[in-house]
$ cat work06.csv   # CSV, C-alpha atoms
chain,number,residue,atom,x,y,z
A,1,MET,CA,0.0,0.0,0.0
A,2,LYS,CA,1.3,3.5,-0.9
A,3,ILE,CA,1.1,6.3,1.7
A,4,ALA,CA,1.6,10.0,1.0
A,5,ILE,CA,3.1,12.2,3.7
A,6,THR,CA,3.3,16.0,3.4
A,7,SER,CA,6.8,17.2,4.1
A,8,THR,CA,8.5,20.6,4.5
A,9,GLY,CA,11.6,19.4,2.6
A,10,ASP,CA,13.0,16.5,0.6
A,11,SER,CA,14.9,14.7,3.3
A,12,LEU,CA,13.9,12.2,6.0
A,13,GLU,CA,14.8,14.7,8.6
A,14,SER,CA,12.3,17.3,7.4
A,15,LYS,CA,9.2,17.9,9.4
A,16,LEU,CA,5.6,17.1,8.6
A,17,ASP,CA,4.0,19.9,6.7
A,18,GLN,CA,0.8,21.2,8.4
A,19,ARG,CA,-0.8,22.0,5.1
A,20,PHE,CA,-1.9,19.6,2.3
A,21,GLY,CA,-2.3,21.6,-0.9
A,22,ARG,CA,0.7,23.9,-0.4
A,23,CYS,CA,3.2,21.6,1.3
A,24,ALA,CA,6.7,21.7,-0.1
A,25,CYS,CA,7.1,18.1,-0.9
A,26,PHE,CA,5.2,14.8,-0.9
A,27,VAL,CA,6.9,11.7,0.5
A,28,ILE,CA,5.4,8.6,-1.1
A,29,TYR,CA,6.2,5.5,1.0
A,30,ASP,CA,5.4,2.0,-0.2
A,31,THR,CA,4.7,-0.3,2.7
A,32,SER,CA,5.2,-3.5,0.7
A,33,THR,CA,8.6,-2.7,-0.8
A,34,GLY,CA,9.8,0.0,1.7
A,35,ASN,CA,10.5,2.4,-1.2
A,36,ILE,CA,10.5,6.1,-0.3
A,37,GLU,CA,10.0,8.6,-3.1
A,38,PHE,CA,10.1,12.4,-2.8
A,39,VAL,CA,7.9,14.4,-5.1
A,40,LEU,CA,8.3,18.1,-5.1
A,41,ASN,CA,4.9,19.9,-5.1
A,42,PRO,CA,4.4,22.2,-8.1
A,43,ASN,CA,1.4,23.8,-6.4
A,44,LYS,CA,3.5,25.2,-3.5
A,45,ASP,CA,3.0,28.8,-4.4
A,46,ALA,CA,-0.3,28.5,-6.3
A,47,THR,CA,-2.8,31.3,-5.5
A,48,GLU,CA,-5.9,29.1,-6.0
A,49,GLY,CA,-6.8,25.5,-6.4
A,50,ALA,CA,-3.7,24.1,-4.9
A,51,GLY,CA,-5.7,21.4,-3.0
A,52,PRO,CA,-7.5,19.8,-5.9
A,53,ALA,CA,-4.3,20.0,-8.0
A,54,SER,CA,-2.3,18.2,-5.3
A,55,VAL,CA,-5.1,15.6,-4.9
A,56,GLN,CA,-4.7,14.9,-8.7
A,57,LEU,CA,-0.9,14.6,-8.3
A,58,VAL,CA,-1.2,12.2,-5.4
A,59,ALA,CA,-4.1,10.2,-6.8
A,60,SER,CA,-2.2,9.6,-10.0
A,61,ARG,CA,0.3,7.6,-7.9
A,62,ASN,CA,-2.4,5.3,-6.5
A,63,VAL,CA,-1.9,6.4,-2.9
A,64,GLU,CA,-4.4,4.9,-0.5
A,65,LYS,CA,-3.6,7.0,2.6
A,66,ILE,CA,-2.5,10.6,3.1
A,67,ILE,CA,-0.9,11.9,6.3
A,68,SER,CA,-1.0,15.7,6.8
A,69,GLY,CA,-1.7,18.4,9.4
A,70,GLU,CA,-4.9,19.7,7.8
A,71,PHE,CA,-7.1,19.2,4.8
A,72,GLY,CA,-9.2,21.9,3.2
A,73,PHE,CA,-12.9,21.3,2.6
A,74,LYS,CA,-12.5,21.0,-1.2
A,75,VAL,CA,-9.8,18.4,-0.6
A,76,LYS,CA,-11.9,16.5,1.9
A,77,SER,CA,-14.9,16.0,-0.4
A,78,LEU,CA,-12.6,15.0,-3.3
A,79,LEU,CA,-10.7,12.4,-1.2
A,80,ASP,CA,-14.0,11.1,0.1
A,81,ASN,CA,-15.1,10.4,-3.5
A,82,LEU,CA,-11.7,8.8,-4.4
A,83,LYS,CA,-11.9,6.7,-1.2
A,84,ILE,CA,-8.5,7.8,0.0
A,85,GLN,CA,-8.0,7.7,3.8
A,86,MET,CA,-7.0,11.0,5.5
A,87,VAL,CA,-4.9,11.0,8.6
A,88,VAL,CA,-4.7,14.3,10.4
A,89,LEU,CA,-1.7,14.6,12.7
A,90,LYS,CA,-1.4,18.0,14.4
A,91,ASP,CA,2.2,17.6,15.4
A,92,PRO,CA,4.6,19.9,13.4
A,93,GLU,CA,7.6,18.6,15.3
A,94,LYS,CA,7.4,15.1,13.9
A,95,SER,CA,9.9,14.3,11.2
A,96,ILE,CA,9.3,12.1,8.2
A,97,ARG,CA,11.6,9.4,9.7
A,98,ASP,CA,9.5,9.3,12.9
A,99,ILE,CA,6.3,8.9,10.9
A,100,ILE,CA,7.7,6.1,8.7
A,101,ASN,CA,8.9,4.3,11.8
A,102,MET,CA,5.4,4.7,13.3
A,103,LEU,CA,3.9,3.2,10.1
A,104,LYS,CA,6.2,0.1,10.5
A,105,HIS,CA,4.4,-0.8,13.7
B,1,MET,CA,-20.8,40.4,-12.5
B,2,SER,CA,-21.5,36.9,-11.5
B,3,PRO,CA,-22.8,36.3,-8.0
B,4,ARG,CA,-20.7,35.0,-5.2
B,5,PRO,CA,-20.6,31.2,-5.5
B,6,VAL,CA,-22.7,29.2,-3.0
B,7,LYS,CA,-20.7,27.7,-0.1
B,8,MET,CA,-20.6,24.0,0.2
B,9,ARG,CA,-22.7,22.7,3.1
B,10,ARG,CA,-21.6,19.8,5.3
B,11,ILE,CA,-23.9,16.9,5.6
B,12,GLY,CA,-23.2,14.7,8.7
B,13,LYS,CA,-25.2,11.6,7.6
B,14,PRO,CA,-26.9,10.8,4.3
B,15,PRO,CA,-30.7,10.3,4.6
B,16,VAL,CA,-32.0,6.7,5.0
B,17,ILE,CA,-34.6,7.2,2.3
B,18,SER,CA,-34.5,9.0,-1.1
B,19,GLY,CA,-38.1,10.3,-0.7
B,20,MET,CA,-41.6,9.8,0.6
B,21,LYS,CA,-44.9,9.1,-1.1
B,22,PRO,CA,-48.3,10.2,0.0
B,23,TYR,CA,-51.2,7.6,0.1
B,24,GLY,CA,-55.0,7.6,0.4
B,25,PHE,CA,-56.0,10.6,-1.7
B,26,ALA,CA,-59.5,11.9,-1.1
B,27,ASP,CA,-60.3,12.1,-4.8
B,28,ASN,CA,-59.1,9.1,-6.8
B,29,ARG,CA,-55.9,10.6,-8.0
B,30,THR,CA,-52.7,8.6,-8.1
B,31,SER,CA,-50.2,11.4,-8.0
B,32,SER,CA,-50.1,15.1,-7.7
B,33,GLY,CA,-46.5,16.1,-8.4
B,34,LYS,CA,-43.2,16.2,-6.6
B,35,VAL,CA,-41.4,18.5,-4.2
B,36,PHE,CA,-37.6,18.4,-4.4
B,37,LEU,CA,-36.1,18.7,-1.0
B,38,ASN,CA,-32.3,19.5,-1.2
B,39,LEU,CA,-30.0,17.5,0.9
B,40,GLU,CA,-28.9,20.7,2.8
B,41,GLU,CA,-32.6,21.3,3.6
B,42,TYR,CA,-32.9,17.7,4.9
B,43,GLU,CA,-29.8,18.2,7.0
B,44,SER,CA,-31.2,21.5,8.5
B,45,LEU,CA,-34.4,19.6,9.5
B,46,ARG,CA,-32.4,16.8,11.0
B,47,LEU,CA,-30.3,19.1,13.1
B,48,CYS,CA,-32.9,21.7,14.1
B,49,ASP,CA,-36.0,19.6,14.5
B,50,PHE,CA,-34.8,16.1,15.2
B,51,TYR,CA,-31.7,16.8,17.3
B,52,MET,CA,-33.2,20.1,18.4
B,53,LEU,CA,-30.0,22.1,18.1
B,54,HIS,CA,-30.0,25.9,18.2
B,55,GLN,CA,-29.9,27.3,14.7
B,56,CYS,CA,-26.4,28.8,15.3
B,57,GLN,CA,-25.2,25.4,16.5
B,58,ALA,CA,-26.7,23.8,13.4
B,59,ALA,CA,-25.1,26.5,11.2
B,60,GLU,CA,-21.7,25.7,12.8
B,61,MET,CA,-22.2,22.0,12.0
B,62,MET,CA,-23.1,22.6,8.4
B,63,GLY,CA,-20.3,25.1,7.9
B,64,VAL,CA,-22.6,28.1,6.9
B,65,SER,CA,-23.6,31.3,8.6
B,66,ARG,CA,-26.5,31.4,11.0
B,67,PRO,CA,-28.7,33.6,8.6
B,68,THR,CA,-28.0,31.2,5.7
B,69,LEU,CA,-29.0,28.2,7.9
B,70,THR,CA,-32.2,30.0,8.7
B,71,ARG,CA,-32.9,30.5,5.0
B,72,ILE,CA,-32.2,26.8,4.2
B,73,TYR,CA,-34.4,25.8,7.2
B,74,SER,CA,-37.4,28.0,6.3
B,75,SER,CA,-37.3,26.8,2.7
B,76,ALA,CA,-37.2,23.2,4.0
B,77,ARG,CA,-40.3,23.8,6.1
B,78,MET,CA,-42.1,25.5,3.3
B,79,LYS,CA,-41.4,22.6,1.0
B,80,ILE,CA,-42.6,20.0,3.5
B,81,ALA,CA,-45.7,22.0,4.2
B,82,GLU,CA,-46.4,22.1,0.5
B,83,ALA,CA,-46.0,18.4,0.2
B,84,ILE,CA,-48.3,17.7,3.1
B,85,VAL,CA,-51.0,20.2,2.2
B,86,GLU,CA,-51.1,19.4,-1.5
B,87,GLY,CA,-50.3,15.7,-1.2
B,88,LYS,CA,-47.1,15.9,-3.1
B,89,GLN,CA,-44.2,13.4,-3.2
B,90,ILE,CA,-41.1,14.4,-1.4
B,91,VAL,CA,-37.9,13.7,-3.3
B,92,ILE,CA,-34.7,14.2,-1.4
B,93,GLU,CA,-31.9,15.1,-3.9
B,94,GLY,CA,-29.4,17.7,-5.0
B,95,GLY,CA,-27.9,20.7,-3.2
B,96,LYS,CA,-24.5,22.0,-2.9
B,97,ILE,CA,-23.2,19.7,-0.3
B,98,TYR,CA,-20.4,17.3,0.7
B,99,PHE,CA,-20.6,14.4,3.1
B,100,ASP,CA,-18.5,14.5,6.2
B,101,SER,CA,-17.4,10.9,6.6
B,102,SER,CA,-17.1,9.8,10.2
B,103,TRP,CA,-13.9,10.5,11.9
B,104,TYR,CA,-11.9,8.6,14.6
B,105,PHE,CA,-9.3,9.7,17.1
B,106,CYS,CA,-6.3,7.7,18.2
B,107,ASN,CA,-5.5,8.1,21.9
B,108,ASP,CA,-2.0,6.8,21.4
B,109,CYS,CA,-0.5,9.1,18.8
B,110,GLY,CA,-3.2,11.8,18.8
B,111,CYS,CA,-4.1,11.6,15.2
B,112,PHE,CA,-7.5,12.0,13.6
B,113,PHE,CA,-8.5,9.7,10.7
B,114,ASN,CA,-11.4,8.7,8.6
B,115,ASN,CA,-12.4,5.4,7.0
B,116,PRO,CA,-13.7,6.0,3.5
B,117,GLY,CA,-15.0,3.1,1.5
B,118,ASN,CA,-14.5,0.4,4.1
B,119,LYS,CA,-17.7,-0.7,5.8
B,120,GLY,CA,-17.7,-1.1,9.6
B,121,ASN,CA,-15.4,0.4,12.2
B,122,PRO,CA,-11.6,0.3,11.9
B,123,GLU,CA,-9.9,-1.8,14.5
B,124,LYS,CA,-6.5,-0.1,14.7
B,125,CYS,CA,-5.0,3.3,14.0
B,126,PRO,CA,-3.6,3.6,10.5
B,127,LEU,CA,-0.6,5.5,11.7
B,128,CYS,CA,0.7,3.7,14.8
B,129,GLY,CA,-1.3,0.5,14.8
B,130,SER,CA,-2.7,1.1,18.3
B,131,THR,CA,-6.1,-0.2,19.2
B,132,MET,CA,-6.9,2.8,21.4
B,133,ILE,CA,-9.2,4.5,19.0
B,134,VAL,CA,-12.4,6.2,19.7
B,135,ASN,CA,-15.2,7.5,17.4
B,136,TYR,CA,-14.8,11.2,17.1
B,137,ASP,CA,-18.3,12.6,16.7
B,138,LEU,CA,-19.1,16.3,16.8
B,139,LEU,CA,-22.9,15.9,17.3
B,140,PRO,CA,-23.1,14.7,20.9
B,141,GLU,CA,-20.9,17.5,22.0
B,142,MET,CA,-23.1,20.0,20.2
B,143,ILE,CA,-26.4,18.5,21.6
B,144,TYR,CA,-25.2,18.4,25.2
B,145,LYS,CA,-23.4,21.8,25.1
B,146,ASP,CA,-24.9,23.6,28.1
B,147,PRO,CA,-26.3,26.9,26.8
B,148,ALA,CA,-26.4,28.3,30.3
B,149,SER,CA,-22.7,27.8,30.9
B,150,PRO,CA,-20.6,30.9,30.5
B,151,ASP,CA,-18.0,28.9,28.6
B,152,ASN,CA,-20.4,28.3,25.9
B,153,PHE,CA,-21.7,31.8,25.6
B,154,CYS,CA,-21.9,33.0,22.1
B,155,TYR,CA,-21.3,36.7,21.9
B,156,TYR,CA,-22.0,37.0,18.2
B,157,HIS,CA,-25.3,35.0,18.2
B,158,GLY,CA,-26.3,35.8,21.8
B,159,TRP,CA,-27.3,32.3,22.7
B,160,GLY,CA,-26.2,31.1,26.1
B,161,ARG,CA,-27.4,34.3,27.7
B,162,LYS,CA,-30.2,32.5,29.3
B,163,ARG,CA,-31.6,29.0,29.1
B,164,VAL,CA,-33.9,28.9,26.1
B,165,GLY,CA,-37.2,27.2,26.8
B,166,LYS,CA,-36.8,24.6,24.2
B,167,ARG,CA,-37.5,21.1,25.2
B,168,ARG,CA,-34.7,18.7,24.4
B,169,ARG,CA,-35.2,15.1,23.3
B,170,ASP,CA,-32.9,12.9,25.3
B,171,PHE,CA,-30.7,10.8,23.0
B,172,ARG,CA,-28.5,9.4,25.7
B,173,THR,CA,-29.0,5.6,25.9
$ encode --input "work06.csv" --output "structure tokens"
Amino acid sequence: MKIAITSTGDSLESKLDQRFGRCACFVIYDTSTGNIEFVLNPNKDATEGAGPASVQLVASRNVEKIISGEFGFKVKSLLDNLKIQMVVLKDPEKSIRDIINMLKH
Amino acid sequence: MSPRPVKMRRIGKPPVISGMKPYGFADNRTSSGKVFLNLEEYESLRLCDFYMLHQCQAAEMMGVSRPTLTRIYSSARMKIAEAIVEGKQIVIEGGKIYFDSSWYFCNDCGCFFNNPGNKGNPEKCPLCGSTMIVNYDLLPEMIYKDPASPDNFCYYHGWGRKRVGKRRRDFRT
């Protein structure tokens, strides 16, 4: 299963980004192979529609779960339709490495 | 200039029926037209009349302003009155809405998550795998919010100033 995590940078030490649409980078972690992929977010500085565009980016990679700090209402209804699970973690101090370790439970 | 777009309204739970049909007409008619009740109007009835929330609480739950909720609610009542008086069918459909899927909270890692697509309750947290998860439902909090308590006083809407003489149905089981 593929999981997307919003990140503030493209390393394992970067922190969880508290926004979904305008996060700096998406970390796509594959639980079956353990592969970690970093995808820079082209919608980082978008003025409008960053959420839906990011959903499209993430959904094109067949992600089943997204971990972020907050989801906008446009994104919530889109993800509900796509049946992608949302996980809201309000902890800006967590690094990507911590989250991946938590996912290995 | 085009008007300001309508805000999306949050629906907590989809209706269990898609409509209602009248029966036993006095004259031997079989049908007398339809009334289309929007899902947002259905939701306003569910919150205001079934759960007996204050209109500003209901507005908060649907993600719209209090005056907007009042407009939706009065339109719902007009439509239902029309259906009963004129013996019309009620069809519940449409509206600018989104469904708020149910949310859960993990007591171990403190994350919130939803469970789209899968039927039934999740057993463990999708993040840390803990089984310490609880259903996170906004509605009970709203129903049992004590309007007389100074903590819940709403300066903008003015509710909470005194206990409103509205009888509450008891949903606690």
$ closest_residue --input "work06.csv" --among "B:Val134, B:Pro15, B:Leu45, B:Asn28" --to "Arg77 (chain B)" --atoms "only C-alpha atoms"
B:Leu45
$ interface_residues --input "work06.csv" --of "chain B" --to "chain A" --cutoff "10 Å" --atoms "all atoms listed in the file" --output "PDB file with C-alpha atoms, keeping the file's coordinate frame"
ATOM      1  CA  MET B   8     -20.600  24.000   0.200  1.00  0.00           C
ATOM      2  CA  ARG B   9     -22.700  22.700   3.100  1.00  0.00           C
ATOM      3  CA  ARG B  10     -21.600  19.800   5.300  1.00  0.00           C
ATOM      4  CA  GLY B  63     -20.300  25.100   7.900  1.00  0.00           C
ATOM      5  CA  ILE B  97     -23.200  19.700  -0.300  1.00  0.00           C
ATOM      6  CA  TYR B  98     -20.400  17.300   0.700  1.00  0.00           C
ATOM      7  CA  PHE B  99     -20.600  14.400   3.100  1.00  0.00           C
ATOM      8  CA  ASP B 100     -18.500  14.500   6.200  1.00  0.00           C
ATOM      9  CA  SER B 101     -17.400  10.900   6.600  1.00  0.00           C
ATOM     10  CA  TRP B 103     -13.900  10.500  11.900  1.00  0.00           C
ATOM     11  CA  TYR B 104     -11.900   8.600  14.600  1.00  0.00           C
ATOM     12  CA  PHE B 105      -9.300   9.700  17.100  1.00  0.00           C
ATOM     13  CA  CYS B 106      -6.300   7.700  18.200  1.00  0.00           C
ATOM     14  CA  CYS B 109      -0.500   9.100  18.800  1.00  0.00           C
ATOM     15  CA  GLY B 110      -3.200  11.800  18.800  1.00  0.00           C
ATOM     16  CA  CYS B 111      -4.100  11.600  15.200  1.00  0.00           C
ATOM     17  CA  PHE B 112      -7.500  12.000  13.600  1.00  0.00           C
ATOM     18  CA  PHE B 113      -8.500   9.700  10.700  1.00  0.00           C
ATOM     19  CA  ASN B 114     -11.400   8.700   8.600  1.00  0.00           C
ATOM     20  CA  ASN B 115     -12.400   5.400   7.000  1.00  0.00           C
ATOM     21  CA  PRO B 116     -13.700   6.000   3.500  1.00  0.00           C
ATOM     22  CA  GLY B 117     -15.000   3.100   1.500  1.00  0.00           C
ATOM     23  CA  ASN B 118     -14.500   0.400   4.100  1.00  0.00           C
ATOM     24  CA  CYS B 125      -5.000   3.300  14.000  1.00  0.00           C
ATOM     25  CA  PRO B 126      -3.600   3.600  10.500  1.00  0.00           C
ATOM     26  CA  LEU B 127      -0.600   5.500  11.700  1.00  0.00           C
ATOM     27  CA  CYS B 128       0.700   3.700  14.800  1.00  0.00           C
ATOM     28  CA  GLY B 129      -1.300   0.500  14.800  1.00  0.00           C
ATOM     29  CA  SER B 130      -2.700   1.100  18.300  1.00  0.00           C
TER      30      SER B 130
END
$ atom_distance --input "work06.csv" --atom1 "CA of Pro22 (chain B)" --atom2 "CA of Ile84 (chain B)"
8.1 Å
$ atom_distance --input "work06.csv" --atom1 "CA of Tyr136 (chain B)" --atom2 "CA of Val6 (chain B)"
28.1 Å
$ residues_around --input "work06.csv" --residues "Lys44 (chain A)" --least-positions-apart "4" --cutoff "9 Å" --atoms "only C-alpha atoms" --output "PyMOL selection string"
chain A and resi 21-25+40+50
$ atom_distance --input "work06.csv" --atom1 "CA of Ile5 (chain A)" --atom2 "CA of Val27 (chain A)"
5.0 Å
$ closest_residue --input "work06.csv" --among "A:Gly49, A:Tyr29, A:Val63, A:Leu57" --to "Leu12 (chain A)" --atoms "only C-alpha atoms"
A:Tyr29
$ residues_near_point --input "work06.csv" --point "(1.4, 3.3, -2.6)" --cutoff "9 Å" --atoms "only C-alpha atoms" --output "PDB file with C-alpha atoms, keeping the file's coordinate frame"
ATOM      1  CA  MET A   1       0.000   0.000   0.000  1.00  0.00           C
ATOM      2  CA  LYS A   2       1.300   3.500  -0.900  1.00  0.00           C
ATOM      3  CA  ILE A   3       1.100   6.300   1.700  1.00  0.00           C
ATOM      4  CA  ALA A   4       1.600  10.000   1.000  1.00  0.00           C
ATOM      5  CA  ILE A  28       5.400   8.600  -1.100  1.00  0.00           C
ATOM      6  CA  TYR A  29       6.200   5.500   1.000  1.00  0.00           C
ATOM      7  CA  ASP A  30       5.400   2.000  -0.200  1.00  0.00           C
ATOM      8  CA  THR A  31       4.700  -0.300   2.700  1.00  0.00           C
ATOM      9  CA  SER A  32       5.200  -3.500   0.700  1.00  0.00           C
ATOM     10  CA  ARG A  61       0.300   7.600  -7.900  1.00  0.00           C
ATOM     11  CA  ASN A  62      -2.400   5.300  -6.500  1.00  0.00           C
ATOM     12  CA  VAL A  63      -1.900   6.400  -2.900  1.00  0.00           C
ATOM     13  CA  GLU A  64      -4.400   4.900  -0.500  1.00  0.00           C
ATOM     14  CA  LYS A  65      -3.600   7.000   2.600  1.00  0.00           C
TER      15      LYS A  65
END
$ closest_residue --input "work06.csv" --among "B:Gly19, B:Pro14, B:Arg4, B:Arg71" --to "Phe36 (chain B)" --atoms "only C-alpha atoms"
B:Gly19
$ residues_near_point --input "work06.csv" --point "(-23.4, 26.3, 7.3)" --cutoff "12 Å" --atoms "only C-alpha atoms" --output "MDAnalysis selection string"
chainID B and resid 6:12 40:41 43:44 47 55:73 96:98
$ write_last_selection --input "work06.csv" --atoms "C-alpha atoms" --output "CSV table (one decimal), keeping the file's coordinate frame"
chain,number,residue,atom,x,y,z
B,6,VAL,CA,-22.7,29.2,-3.0
B,7,LYS,CA,-20.7,27.7,-0.1
B,8,MET,CA,-20.6,24.0,0.2
B,9,ARG,CA,-22.7,22.7,3.1
B,10,ARG,CA,-21.6,19.8,5.3
B,11,ILE,CA,-23.9,16.9,5.6
B,12,GLY,CA,-23.2,14.7,8.7
B,40,GLU,CA,-28.9,20.7,2.8
B,41,GLU,CA,-32.6,21.3,3.6
B,43,GLU,CA,-29.8,18.2,7.0
B,44,SER,CA,-31.2,21.5,8.5
B,47,LEU,CA,-30.3,19.1,13.1
B,55,GLN,CA,-29.9,27.3,14.7
B,56,CYS,CA,-26.4,28.8,15.3
B,57,GLN,CA,-25.2,25.4,16.5
B,58,ALA,CA,-26.7,23.8,13.4
B,59,ALA,CA,-25.1,26.5,11.2
B,60,GLU,CA,-21.7,25.7,12.8
B,61,MET,CA,-22.2,22.0,12.0
B,62,MET,CA,-23.1,22.6,8.4
B,63,GLY,CA,-20.3,25.1,7.9
B,64,VAL,CA,-22.6,28.1,6.9
B,65,SER,CA,-23.6,31.3,8.6
B,66,ARG,CA,-26.5,31.4,11.0
B,67,PRO,CA,-28.7,33.6,8.6
B,68,THR,CA,-28.0,31.2,5.7
B,69,LEU,CA,-29.0,28.2,7.9
B,70,THR,CA,-32.2,30.0,8.7
B,71,ARG,CA,-32.9,30.5,5.0
B,72,ILE,CA,-32.2,26.8,4.2
B,73,TYR,CA,-34.4,25.8,7.2
B,96,LYS,CA,-24.5,22.0,-2.9
B,97,ILE,CA,-23.2,19.7,-0.3
B,98,TYR,CA,-20.4,17.3,0.7
